[in-house]
Structures are given as structure tokens and as C-alpha cells.
Amino acid sequence: MSVVRCQGCGTENAPGAAYCSGCARPLSAAAQQAVADQRVAHTATGIRWSAVVVTGLIVLIIVVVVVLVVTGTVVI
Ligand SMILES: [Zn+2]
């Protein structure tokens, strides 16, 4: 094991260090993968939430249309 030089700021870090002591940048492939996984998880959560909102809006529109048709407000 040799010292790990940070690609961001050039600081030499102890062998096996996960994060740079100079700029806190992830040094190891595993740490970089963890950061990437967190980003993917955040994105996936965002997509899931927008899907829930869109589905809810569609259901709401359908319910409103059905109620209007049933009550005779709108005649098709
Ligand atoms: Zn650094």
C-alpha cells in the first residue's frame, strides 16, 4: 500500500484512506461508488415521487370528470 494522492487537490493521504484529508473528496473506488450510488438513489426517489404525483393528478381528473358526468353537469 502506498500513499494515495488526491486527484482533486494533490494532498497525499494515508494508505487506505477513503476520503481526502485536504478536501474531503472520495479517494477509493468504493467510496466514489458509494457517492454515485447515493446520487442514483436520490434520482430514483425523485422519479418515484413525480410518478406518484402524476398518477394522483390523473386519478383526480378522472374522478372529477366522472362526478361531473354522473351529476349531469357535463353532458357527453
Ligand atoms: Zn483532496
# chains A, B, ... in the order shown; residues from 1 in each chain; ligands from 1

$ residues_around --residues "Ser2 in chain A" --least-positions-apart "6" --cutoff "12 Å" --atoms "only C-alpha atoms" --output "count of residues only"
6

$ select_by_dssp --residues "chain A" --states "strand (DSSP E)" --output "ChimeraX atom specification"
/A:4-5,12-13

$ residues_near_ligand --ligand "ligand 1" --cutoff "10 Å" --atoms "only C-alpha atoms and all ligand atoms" --output "list in words"
Val4, Arg5, Cys6, Gln7, Gly8, Cys9, Gly10, Thr11, Glu12, Asn13, Tyr19, Cys20, Ser21, Gly22, Cys23, Ala24, Arg25, Pro26 and Leu27 of chain A

$ write_last_selection --atoms "N, CA and C atoms" --output "PDB file, in the first residue's frame"
ATOM      1  N   VAL A   4      -1.988   7.694  -1.030  1.00  0.00           N
ATOM      2  CA  VAL A   4      -2.965   7.976  -2.082  1.00  0.00           C
ATOM      3  C   VAL A   4      -2.975   9.476  -2.328  1.00  0.00           C
ATOM      4  N   ARG A   5      -2.620   9.865  -3.555  1.00  0.00           N
ATOM      5  CA  ARG A   5      -2.630  11.300  -3.870  1.00  0.00           C
ATOM      6  C   ARG A   5      -4.030  11.676  -4.379  1.00  0.00           C
ATOM      7  N   CYS A   6      -4.589  12.726  -3.784  1.00  0.00           N
ATOM      8  CA  CYS A   6      -5.924  13.176  -4.177  1.00  0.00           C
ATOM      9  C   CYS A   6      -5.886  13.741  -5.594  1.00  0.00           C
ATOM     10  N   GLN A   7      -6.836  13.311  -6.419  1.00  0.00           N
ATOM     11  CA  GLN A   7      -6.905  13.824  -7.789  1.00  0.00           C
ATOM     12  C   GLN A   7      -7.458  15.237  -7.827  1.00  0.00           C
ATOM     13  N   GLY A   8      -8.091  15.655  -6.722  1.00  0.00           N
ATOM     14  CA  GLY A   8      -8.697  16.986  -6.699  1.00  0.00           C
ATOM     15  C   GLY A   8      -7.730  18.067  -6.270  1.00  0.00           C
ATOM     16  N   CYS A   9      -7.008  17.836  -5.149  1.00  0.00           N
ATOM     17  CA  CYS A   9      -6.167  18.898  -4.598  1.00  0.00           C
ATOM     18  C   CYS A   9      -4.707  18.496  -4.474  1.00  0.00           C
ATOM     19  N   GLY A  10      -4.387  17.199  -4.729  1.00  0.00           N
ATOM     20  CA  GLY A  10      -2.993  16.779  -4.700  1.00  0.00           C
ATOM     21  C   GLY A  10      -2.475  16.415  -3.333  1.00  0.00           C
ATOM     22  N   THR A  11      -3.306  16.463  -2.313  1.00  0.00           N
ATOM     23  CA  THR A  11      -2.875  16.093  -0.966  1.00  0.00           C
ATOM     24  C   THR A  11      -2.569  14.603  -0.913  1.00  0.00           C
ATOM     25  N   GLU A  12      -1.442  14.246  -0.235  1.00  0.00           N
ATOM     26  CA  GLU A  12      -1.116  12.835  -0.058  1.00  0.00           C
ATOM     27  C   GLU A  12      -1.801  12.336   1.199  1.00  0.00           C
ATOM     28  N   ASN A  13      -2.576  11.274   1.051  1.00  0.00           N
ATOM     29  CA  ASN A  13      -3.344  10.735   2.175  1.00  0.00           C
ATOM     30  C   ASN A  13      -2.808   9.368   2.571  1.00  0.00           C
ATOM     31  N   TYR A  19     -11.315   9.093   2.240  1.00  0.00           N
ATOM     32  CA  TYR A  19     -11.574  10.469   1.836  1.00  0.00           C
ATOM     33  C   TYR A  19     -10.320  11.309   1.999  1.00  0.00           C
ATOM     34  N   CYS A  20     -10.151  12.296   1.169  1.00  0.00           N
ATOM     35  CA  CYS A  20      -9.003  13.190   1.216  1.00  0.00           C
ATOM     36  C   CYS A  20      -9.042  14.025   2.491  1.00  0.00           C
ATOM     37  N   SER A  21      -7.886  14.134   3.165  1.00  0.00           N
ATOM     38  CA  SER A  21      -7.831  14.954   4.378  1.00  0.00           C
ATOM     39  C   SER A  21      -7.777  16.434   4.020  1.00  0.00           C
ATOM     40  N   GLY A  22      -7.484  16.733   2.756  1.00  0.00           N
ATOM     41  CA  GLY A  22      -7.387  18.129   2.333  1.00  0.00           C
ATOM     42  C   GLY A  22      -8.709  18.707   1.872  1.00  0.00           C
ATOM     43  N   CYS A  23      -9.490  17.918   1.098  1.00  0.00           N
ATOM     44  CA  CYS A  23     -10.712  18.474   0.514  1.00  0.00           C
ATOM     45  C   CYS A  23     -11.922  17.553   0.689  1.00  0.00           C
ATOM     46  N   ALA A  24     -11.754  16.443   1.415  1.00  0.00           N
ATOM     47  CA  ALA A  24     -12.854  15.520   1.717  1.00  0.00           C
ATOM     48  C   ALA A  24     -13.401  14.827   0.475  1.00  0.00           C
ATOM     49  N   ARG A  25     -12.638  14.854  -0.626  1.00  0.00           N
ATOM     50  CA  ARG A  25     -13.060  14.163  -1.843  1.00  0.00           C
ATOM     51  C   ARG A  25     -12.887  12.658  -1.628  1.00  0.00           C
ATOM     52  N   PRO A  26     -13.830  11.826  -2.118  1.00  0.00           N
ATOM     53  CA  PRO A  26     -13.667  10.374  -2.003  1.00  0.00           C
ATOM     54  C   PRO A  26     -12.440   9.914  -2.775  1.00  0.00           C
ATOM     55  N   LEU A  27     -11.586   9.097  -2.130  1.00  0.00           N
ATOM     56  CA  LEU A  27     -10.343   8.668  -2.766  1.00  0.00           C
ATOM     57  C   LEU A  27     -10.448   7.268  -3.362  1.00  0.00           C
TER      58      LEU A  27
END

$ select_by_dssp --residues "chain A" --states "helix (DSSP H, G or I)" --output "ChimeraX atom specification"
/A:29-70

$ atom_distance --atom1 "CA of Thr73 in chain A" --atom2 "CA of Ile61 in chain A"
14.9 Å

$ atom_distance --atom1 "CA of Val3 in chain A" --atom2 "CA of Arg39 in chain A"
27.9 Å

$ decode --residues "chain A" --atoms "C-alpha atoms" --output "mmCIF file, in the first residue's frame"
data_model
loop_
_atom_site.group_PDB
_atom_site.id
_atom_site.type_symbol
_atom_site.label_atom_id
_atom_site.label_comp_id
_atom_site.auth_asym_id
_atom_site.auth_seq_id
_atom_site.Cartn_x
_atom_site.Cartn_y
_atom_site.Cartn_z
ATOM 1 C CA MET A 1 0.000 0.000 0.000
ATOM 2 C CA SER A 2 1.304 3.444 -0.875
ATOM 3 C CA VAL A 3 0.086 6.917 -0.107
ATOM 4 C CA VAL A 4 -2.965 7.976 -2.082
ATOM 5 C CA ARG A 5 -2.630 11.300 -3.870
ATOM 6 C CA CYS A 6 -5.924 13.176 -4.177
ATOM 7 C CA GLN A 7 -6.905 13.824 -7.789
ATOM 8 C CA GLY A 8 -8.697 16.986 -6.699
ATOM 9 C CA CYS A 9 -6.167 18.898 -4.598
ATOM 10 C CA GLY A 10 -2.993 16.779 -4.700
ATOM 11 C CA THR A 11 -2.875 16.093 -0.966
ATOM 12 C CA GLU A 12 -1.116 12.835 -0.058
ATOM 13 C CA ASN A 13 -3.344 10.735 2.175
ATOM 14 C CA ALA A 14 -2.627 7.674 4.312
ATOM 15 C CA PRO A 15 -2.831 4.295 2.567
ATOM 16 C CA GLY A 16 -6.394 3.034 2.552
ATOM 17 C CA ALA A 17 -7.896 6.446 3.314
ATOM 18 C CA ALA A 18 -11.415 6.679 1.954
ATOM 19 C CA TYR A 19 -11.574 10.469 1.836
ATOM 20 C CA CYS A 20 -9.003 13.190 1.216
ATOM 21 C CA SER A 21 -7.831 14.954 4.378
ATOM 22 C CA GLY A 22 -7.387 18.129 2.333
ATOM 23 C CA CYS A 23 -10.712 18.474 0.514
ATOM 24 C CA ALA A 24 -12.854 15.520 1.717
ATOM 25 C CA ARG A 25 -13.060 14.163 -1.843
ATOM 26 C CA PRO A 26 -13.667 10.374 -2.003
ATOM 27 C CA LEU A 27 -10.343 8.668 -2.766
ATOM 28 C CA SER A 28 -11.060 4.947 -3.067
ATOM 29 C CA ALA A 29 -13.125 3.400 -5.830
ATOM 30 C CA ALA A 30 -15.505 2.043 -3.180
ATOM 31 C CA ALA A 31 -16.056 5.493 -1.657
ATOM 32 C CA GLN A 32 -16.588 7.031 -5.102
ATOM 33 C CA GLN A 33 -19.069 4.243 -5.897
ATOM 34 C CA ALA A 34 -20.917 4.942 -2.629
ATOM 35 C CA VAL A 35 -21.257 8.611 -3.582
ATOM 36 C CA ALA A 36 -22.503 7.618 -7.052
ATOM 37 C CA ASP A 37 -24.990 5.171 -5.508
ATOM 38 C CA GLN A 38 -26.326 7.930 -3.247
ATOM 39 C CA ARG A 39 -26.882 10.165 -6.282
ATOM 40 C CA VAL A 40 -28.700 7.337 -8.102
ATOM 41 C CA ALA A 41 -30.843 6.678 -5.022
ATOM 42 C CA HIS A 42 -31.738 10.371 -4.802
ATOM 43 C CA THR A 43 -32.637 10.450 -8.506
ATOM 44 C CA ALA A 44 -34.704 7.265 -8.227
ATOM 45 C CA THR A 45 -36.600 8.718 -5.260
ATOM 46 C CA GLY A 46 -37.306 11.874 -7.256
ATOM 47 C CA ILE A 47 -38.614 9.882 -10.219
ATOM 48 C CA ARG A 48 -40.796 7.766 -7.915
ATOM 49 C CA TRP A 49 -42.283 10.864 -6.260
ATOM 50 C CA SER A 50 -43.072 12.577 -9.553
ATOM 51 C CA ALA A 51 -44.698 9.334 -10.748
ATOM 52 C CA VAL A 52 -46.875 9.299 -7.622
ATOM 53 C CA VAL A 53 -47.841 12.953 -8.137
ATOM 54 C CA VAL A 54 -48.658 12.429 -11.852
ATOM 55 C CA THR A 55 -50.686 9.281 -11.085
ATOM 56 C CA GLY A 56 -52.548 11.132 -8.325
ATOM 57 C CA LEU A 57 -53.374 14.029 -10.685
ATOM 58 C CA ILE A 58 -54.640 11.661 -13.398
ATOM 59 C CA VAL A 59 -56.834 9.807 -10.881
ATOM 60 C CA LEU A 60 -58.115 13.149 -9.555
ATOM 61 C CA ILE A 61 -59.019 14.349 -13.093
ATOM 62 C CA ILE A 62 -60.812 11.052 -13.852
ATOM 63 C CA VAL A 63 -62.762 11.256 -10.568
ATOM 64 C CA VAL A 64 -63.753 14.891 -11.248
ATOM 65 C CA VAL A 65 -64.904 14.040 -14.810
ATOM 66 C CA VAL A 66 -66.885 11.002 -13.600
ATOM 67 C CA VAL A 67 -68.524 13.063 -10.825
ATOM 68 C CA LEU A 68 -69.433 15.851 -13.300
ATOM 69 C CA VAL A 69 -70.884 13.338 -15.788
ATOM 70 C CA VAL A 70 -72.816 11.448 -13.075
ATOM 71 C CA THR A 71 -74.254 14.642 -11.597
ATOM 72 C CA GLY A 72 -75.231 15.831 -15.106
ATOM 73 C CA THR A 73 -73.041 18.934 -15.039
ATOM 74 C CA VAL A 74 -71.287 17.824 -18.207
ATOM 75 C CA VAL A 75 -73.228 16.024 -20.932
ATOM 76 C CA ILE A 76 -71.113 13.878 -23.256
#
